[in-house]
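Enquirer: Structure incoming, see below.
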Amino acid sequence: MKVSYTPVPVRQPVPSLGGSRIRNRPLLPVLLTGPGGSRIHDGLLDTGADDTVFAEAIAGLLALDLTQAPELQIRLAGRPQPVRTRYVPVLLRISDGVGETYEWTAVVGFVAGPLHYNLLGHAGFLQFFSADFDGDSQVVTLTPRPSFPGQKI
């Protein structure tokens, strides 16, 4: 499955990009499903993220009960203090919009407070895919690994 990077405008010219005011990021729409329904939210494919995490507000939209969820304090880039994260299983679905759609259940974290980007990290997401990040062509190719617990739809 090929995913094109998304151009994201920035406030100031980026010297490392020759003064560009655009950063291209590997963002992927993810459909999350819980007891209260389904919602699509973008996630940043992040090889540096240990876990797959979404903003806690999304859990409310899906009617997920976090009151008894296992909790862990995790560190996020750009935040000086650890943040409370509660973990529950959700149904995830990704698609290239052309012909490949994958669906699986994963335990993901919900982080107290807002996130600049939801993170599609190792646990719950990248552990199930080989990911080839091609910065030159601005495309990520995701290939399900044998450990992928879901199905191709």
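Ligands are numbered from 1 in the order shown, chains are lettered A, B, ... in the order of the structure tokens, and residues start at 1 in each chain.
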Mind the document's chain letters and residue numbers, and return as a JSON list (two decimals) with N, CA and C atoms, in the first residue's frame the residues of stretch 78-144 of chain A that DSSP labels strand (DSSP E).
Expert:
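Ended up saving to part_35.json:
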```json
[["chain", "number", "residue", "atom", "x", "y", "z"],
["A", 83, "VAL", "N", 3.24, 12.26, 30.06],
["A", 83, "VAL", "CA", 1.79, 12.44, 30.01],
["A", 83, "VAL", "C", 1.09, 11.12, 30.30],
["A", 84, "ARG", "N", -0.07, 11.22, 30.96],
["A", 84, "ARG", "CA", -0.87, 10.04, 31.25],
["A", 84, "ARG", "C", -1.44, 9.48, 29.96],
["A", 85, "THR", "N", -1.28, 8.20, 29.79],
["A", 85, "THR", "CA", -1.79, 7.52, 28.61],
["A", 85, "THR", "C", -2.53, 6.28, 29.06],
["A", 86, "ARG", "N", -3.76, 6.12, 28.56],
["A", 86, "ARG", "CA", -4.56, 4.95, 28.92],
["A", 86, "ARG", "C", -4.78, 4.11, 27.67],
["A", 87, "TYR", "N", -4.69, 2.79, 27.83],
["A", 87, "TYR", "CA", -4.64, 1.87, 26.70],
["A", 87, "TYR", "C", -5.89, 0.99, 26.63],
["A", 88, "VAL", "N", -6.51, 0.98, 25.46],
["A", 88, "VAL", "CA", -7.67, 0.13, 25.21],
["A", 88, "VAL", "C", -7.61, -0.38, 23.77],
["A", 89, "PRO", "N", -8.26, -1.52, 23.51],
["A", 89, "PRO", "CA", -8.30, -2.02, 22.13],
["A", 89, "PRO", "C", -9.32, -1.24, 21.30],
["A", 90, "VAL", "N", -8.95, -0.98, 20.06],
["A", 90, "VAL", "CA", -9.86, -0.37, 19.09],
["A", 90, "VAL", "C", -9.66, -1.07, 17.74],
["A", 91, "LEU", "N", -10.64, -0.95, 16.90],
["A", 91, "LEU", "CA", -10.55, -1.47, 15.54],
["A", 91, "LEU", "C", -9.97, -0.35, 14.68],
["A", 92, "LEU", "N", -8.89, -0.66, 13.98],
["A", 92, "LEU", "CA", -8.24, 0.30, 13.08],
["A", 92, "LEU", "C", -8.43, -0.14, 11.64],
["A", 93, "ARG", "N", -8.60, 0.83, 10.75],
["A", 93, "ARG", "CA", -8.69, 0.53, 9.31],
["A", 93, "ARG", "C", -7.92, 1.60, 8.56],
["A", 94, "ILE", "N", -7.09, 1.15, 7.63],
["A", 94, "ILE", "CA", -6.38, 2.07, 6.74],
["A", 94, "ILE", "C", -6.65, 1.66, 5.30],
["A", 95, "SER", "N", -6.56, 2.63, 4.40],
["A", 95, "SER", "CA", -6.80, 2.34, 2.99],
["A", 95, "SER", "C", -6.00, 3.31, 2.14],
["A", 101, "THR", "N", -7.09, -2.10, 1.50],
["A", 101, "THR", "CA", -7.64, -1.71, 2.77],
["A", 101, "THR", "C", -7.29, -2.79, 3.78],
["A", 102, "TYR", "N", -6.81, -2.38, 4.95],
["A", 102, "TYR", "CA", -6.44, -3.31, 6.00],
["A", 102, "TYR", "C", -7.17, -2.93, 7.29],
["A", 103, "GLU", "N", -7.58, -3.97, 8.04],
["A", 103, "GLU", "CA", -8.33, -3.74, 9.27],
["A", 103, "GLU", "C", -7.82, -4.71, 10.34],
["A", 104, "TRP", "N", -7.65, -4.20, 11.57],
["A", 104, "TRP", "CA", -7.20, -5.04, 12.67],
["A", 104, "TRP", "C", -7.54, -4.37, 13.99],
["A", 105, "THR", "N", -7.54, -5.17, 15.04],
["A", 105, "THR", "CA", -7.73, -4.65, 16.38],
["A", 105, "THR", "C", -6.37, -4.51, 17.04],
["A", 106, "ALA", "N", -6.16, -3.35, 17.66],
["A", 106, "ALA", "CA", -4.89, -3.09, 18.34],
["A", 106, "ALA", "C", -5.16, -2.36, 19.64],
["A", 107, "VAL", "N", -4.28, -2.57, 20.60],
["A", 107, "VAL", "CA", -4.33, -1.81, 21.84],
["A", 107, "VAL", "C", -3.54, -0.52, 21.59],
["A", 108, "VAL", "N", -4.24, 0.60, 21.70],
["A", 108, "VAL", "CA", -3.60, 1.89, 21.45],
["A", 108, "VAL", "C", -3.77, 2.78, 22.67],
["A", 109, "GLY", "N", -2.91, 3.78, 22.76],
["A", 109, "GLY", "CA", -2.96, 4.70, 23.89],
["A", 109, "GLY", "C", -3.77, 5.94, 23.56],
["A", 110, "PHE", "N", -4.39, 6.47, 24.60],
["A", 110, "PHE", "CA", -5.10, 7.74, 24.49],
["A", 110, "PHE", "C", -4.47, 8.69, 25.50],
["A", 111, "VAL", "N", -3.93, 9.78, 24.97],
["A", 111, "VAL", "CA", -3.11, 10.71, 25.73],
["A", 111, "VAL", "C", -3.95, 11.85, 26.27],
["A", 118, "ASN", "N", -1.69, 12.76, 15.94],
["A", 118, "ASN", "CA", -1.83, 11.41, 16.46],
["A", 118, "ASN", "C", -0.64, 10.63, 15.91],
["A", 119, "LEU", "N", -0.11, 9.70, 16.70],
["A", 119, "LEU", "CA", 1.11, 9.00, 16.31],
["A", 119, "LEU", "C", 0.84, 7.54, 15.99],
["A", 120, "LEU", "N", 1.24, 7.14, 14.82],
["A", 120, "LEU", "CA", 1.17, 5.74, 14.40],
["A", 120, "LEU", "C", 2.56, 5.16, 14.61],
["A", 129, "PHE", "N", 3.68, -3.91, 9.99],
["A", 129, "PHE", "CA", 3.98, -3.54, 8.60],
["A", 129, "PHE", "C", 5.47, -3.31, 8.41],
["A", 130, "SER", "N", 5.97, -3.70, 7.25],
["A", 130, "SER", "CA", 7.26, -3.20, 6.81],
["A", 130, "SER", "C", 6.96, -1.84, 6.19],
["A", 131, "ALA", "N", 7.77, -0.86, 6.53],
["A", 131, "ALA", "CA", 7.53, 0.50, 6.03],
["A", 131, "ALA", "C", 8.77, 1.01, 5.33],
["A", 132, "ASP", "N", 8.61, 1.35, 4.06],
["A", 132, "ASP", "CA", 9.71, 1.91, 3.26],
["A", 132, "ASP", "C", 9.40, 3.38, 3.04],
["A", 133, "PHE", "N", 10.13, 4.24, 3.74],
["A", 133, "PHE", "CA", 9.96, 5.69, 3.62],
["A", 133, "PHE", "C", 10.89, 6.18, 2.52],
["A", 134, "ASP", "N", 10.32, 6.64, 1.42],
["A", 134, "ASP", "CA", 11.10, 7.17, 0.30],
["A", 134, "ASP", "C", 10.95, 8.68, 0.28],
["A", 139, "VAL", "N", 6.84, 9.18, -0.66],
["A", 139, "VAL", "CA", 5.87, 8.08, -0.57],
["A", 139, "VAL", "C", 6.36, 7.08, 0.48],
["A", 140, "VAL", "N", 5.43, 6.56, 1.26],
["A", 140, "VAL", "CA", 5.71, 5.44, 2.17],
["A", 140, "VAL", "C", 4.99, 4.23, 1.60],
["A", 141, "THR", "N", 5.69, 3.11, 1.54],
["A", 141, "THR", "CA", 5.07, 1.86, 1.13],
["A", 141, "THR", "C", 4.93, 0.98, 2.37],
["A", 142, "LEU", "N", 3.68, 0.63, 2.70],
["A", 142, "LEU", "CA", 3.39, -0.24, 3.83],
["A", 142, "LEU", "C", 3.05, -1.62, 3.31],
["A", 143, "THR", "N", 3.75, -2.63, 3.84],
["A", 143, "THR", "CA", 3.51, -4.02, 3.45],
["A", 143, "THR", "C", 3.23, -4.82, 4.71],
["A", 144, "PRO", "N", 2.07, -5.49, 4.79],
["A", 144, "PRO", "CA", 1.76, -6.26, 5.99],
["A", 144, "PRO", "C", 2.82, -7.34, 6.24]]
```
Enquirer: So that I can check the secondary structure, give me every residue of stretch 20-144 of chain A assigned helix (DSSP H, G or I) by backbone DSSP, as a list of chain:residue names.
Expert: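 So, restricting stretch 20-144 of chain A to helix (DSSP H, G or I), we get A:Glu56, A:Ala57, A:Ile58, A:Ala59, A:Gly60, A:Leu61, A:Leu126, A:Gln127, A:Phe128.
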Enquirer: Name the closest residue to A:Leu126 among the candidates A:Thr52, A:Ser38, A:Gln151, A:Ser4; distances are taken between atoms, counting only C-alpha atoms.
Expert: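 For A:Leu126, the nearest of the given residues is A:Thr52.
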Enquirer: Using atom CA of A:Gly60 and atom CA of A:Gly113 as the two end points, give the distance in Å to one decimal.
Expert: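 Separation between atom CA of A:Gly60 and atom CA of A:Gly113: 12.5 Å.
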Enquirer: Can you tell me which residues surround A:Gln138 at a distance of at most 12 Å, considering only C-alpha atoms, apart from same-chain residues fewer than 4 positions away, and format the answer as a PDB file with C-alpha atoms, in the first residue's frame?
Expert:
```
ATOM      1  CA  LYS A   2       1.473   3.334  -1.047  1.00  0.00           C
ATOM      2  CA  VAL A   3       0.816   6.488   0.956  1.00  0.00           C
ATOM      3  CA  SER A   4       1.853   9.886  -0.400  1.00  0.00           C
ATOM      4  CA  TYR A   5       3.278  12.439   1.996  1.00  0.00           C
ATOM      5  CA  THR A   6       0.994  15.354   2.837  1.00  0.00           C
ATOM      6  CA  PRO A   7       2.264  18.905   2.282  1.00  0.00           C
ATOM      7  CA  ARG A  23       7.033  20.327   5.173  1.00  0.00           C
ATOM      8  CA  ASN A  24       5.915  17.056   3.646  1.00  0.00           C
ATOM      9  CA  ARG A  25       4.804  14.585   6.297  1.00  0.00           C
ATOM     10  CA  PRO A  26       3.821  10.902   6.152  1.00  0.00           C
ATOM     11  CA  LEU A  27       0.235  11.392   7.364  1.00  0.00           C
ATOM     12  CA  ASP A 132       9.705   1.907   3.258  1.00  0.00           C
ATOM     13  CA  PHE A 133       9.964   5.686   3.624  1.00  0.00           C
ATOM     14  CA  ASP A 134      11.102   7.168   0.296  1.00  0.00           C
TER      15      ASP A 134
END
```
Enquirer: What's the separation between atom CA of A:Val98 and atom CA of A:Val53, in Å to one decimal place?
Expert: 26.2 Å
Enquirer: Which residue gives the smallest distance to A:Gly99 among A:Leu28, A:Leu45, A:Ile40, A:Ile153, with only C-alpha atoms counted?
Expert: A:Ile153
Enquirer: How many Å separate atom CA of A:Gly43 from atom CA of A:Ser20?
Expert: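 A separation of 23.0 Å between them.
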Enquirer: So that I can check the surroundings of A:Ala63, please list as a ChimeraX atom specification every protein, DNA and RNA residue that reaches within 8 Å of it, counting only C-alpha atoms and ignoring chain neighbours fewer than 2 positions away.
Expert: /A:34-37,59-61,65
Enquirer: Only N, CA and C atoms, please: the residues just picked out, written as an mmCIF file, in the first residue's frame.
Expert:
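For reference, selection_0.cif as written:
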```cif
data_model
loop_
_atom_site.group_PDB
_atom_site.id
_atom_site.type_symbol
_atom_site.label_atom_id
_atom_site.label_comp_id
_atom_site.auth_asym_id
_atom_site.auth_seq_id
_atom_site.Cartn_x
_atom_site.Cartn_y
_atom_site.Cartn_z
ATOM 1 N N GLY A 34 -15.111 2.208 17.778
ATOM 2 C CA GLY A 34 -15.364 1.812 19.163
ATOM 3 C C GLY A 34 -16.852 1.606 19.347
ATOM 4 N N PRO A 35 -17.295 1.421 20.603
ATOM 5 C CA PRO A 35 -18.714 1.176 20.864
ATOM 6 C C PRO A 35 -19.633 2.304 20.388
ATOM 7 N N GLY A 36 -19.114 3.525 20.312
ATOM 8 C CA GLY A 36 -19.940 4.666 19.926
ATOM 9 C C GLY A 36 -19.882 5.005 18.451
ATOM 10 N N GLY A 37 -19.238 4.172 17.654
ATOM 11 C CA GLY A 37 -19.167 4.443 16.225
ATOM 12 C C GLY A 37 -17.742 4.539 15.727
ATOM 13 N N ALA A 59 -11.219 9.235 22.196
ATOM 14 C CA ALA A 59 -11.830 8.135 22.951
ATOM 15 C C ALA A 59 -13.262 8.478 23.329
ATOM 16 N N GLY A 60 -13.491 9.729 23.702
ATOM 17 C CA GLY A 60 -14.848 10.163 24.036
ATOM 18 C C GLY A 60 -15.778 10.079 22.847
ATOM 19 N N LEU A 61 -15.290 10.465 21.677
ATOM 20 C CA LEU A 61 -16.113 10.408 20.470
ATOM 21 C C LEU A 61 -16.500 8.972 20.109
ATOM 22 N N ASP A 65 -14.530 3.413 27.115
ATOM 23 C CA ASP A 65 -14.450 3.567 28.563
ATOM 24 C C ASP A 65 -12.987 3.459 28.980
#
```
Enquirer: Find the residue from A:Val10, A:Leu17, A:Ala112, A:Ala123 that sits nearest to A:Leu66; use only C-alpha atoms when measuring.
Expert: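 Once distances to A:Leu66 are computed over only C-alpha atoms, the minimum belongs to A:Ala112.
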Enquirer: With distances taken over only C-alpha atoms, which of A:His41, A:Arg79, A:Lys152, A:Arg145 is nearest to A:Phe54?
Expert: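 Among the listed residues, the smallest separation from A:Phe54 belongs to A:His41.
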Enquirer: Choose the residue, out of A:Leu64, A:Gly18, A:Gln12, A:Pro146, that has the smallest atom-to-atom separation from A:Thr33; count only C-alpha atoms.
Expert: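 Of A:Leu64, A:Gly18, A:Gln12, A:Pro146, the one nearest A:Thr33 is A:Leu64, counting only C-alpha atoms.
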Enquirer: Point out the residue among A:Ala49, A:Ile22, A:Ala57, A:Leu62 with the least atom-to-atom distance to A:Arg75, counting only C-alpha atoms.
Expert: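 Looking at the shortest contact to A:Arg75, the residue is A:Ala49.
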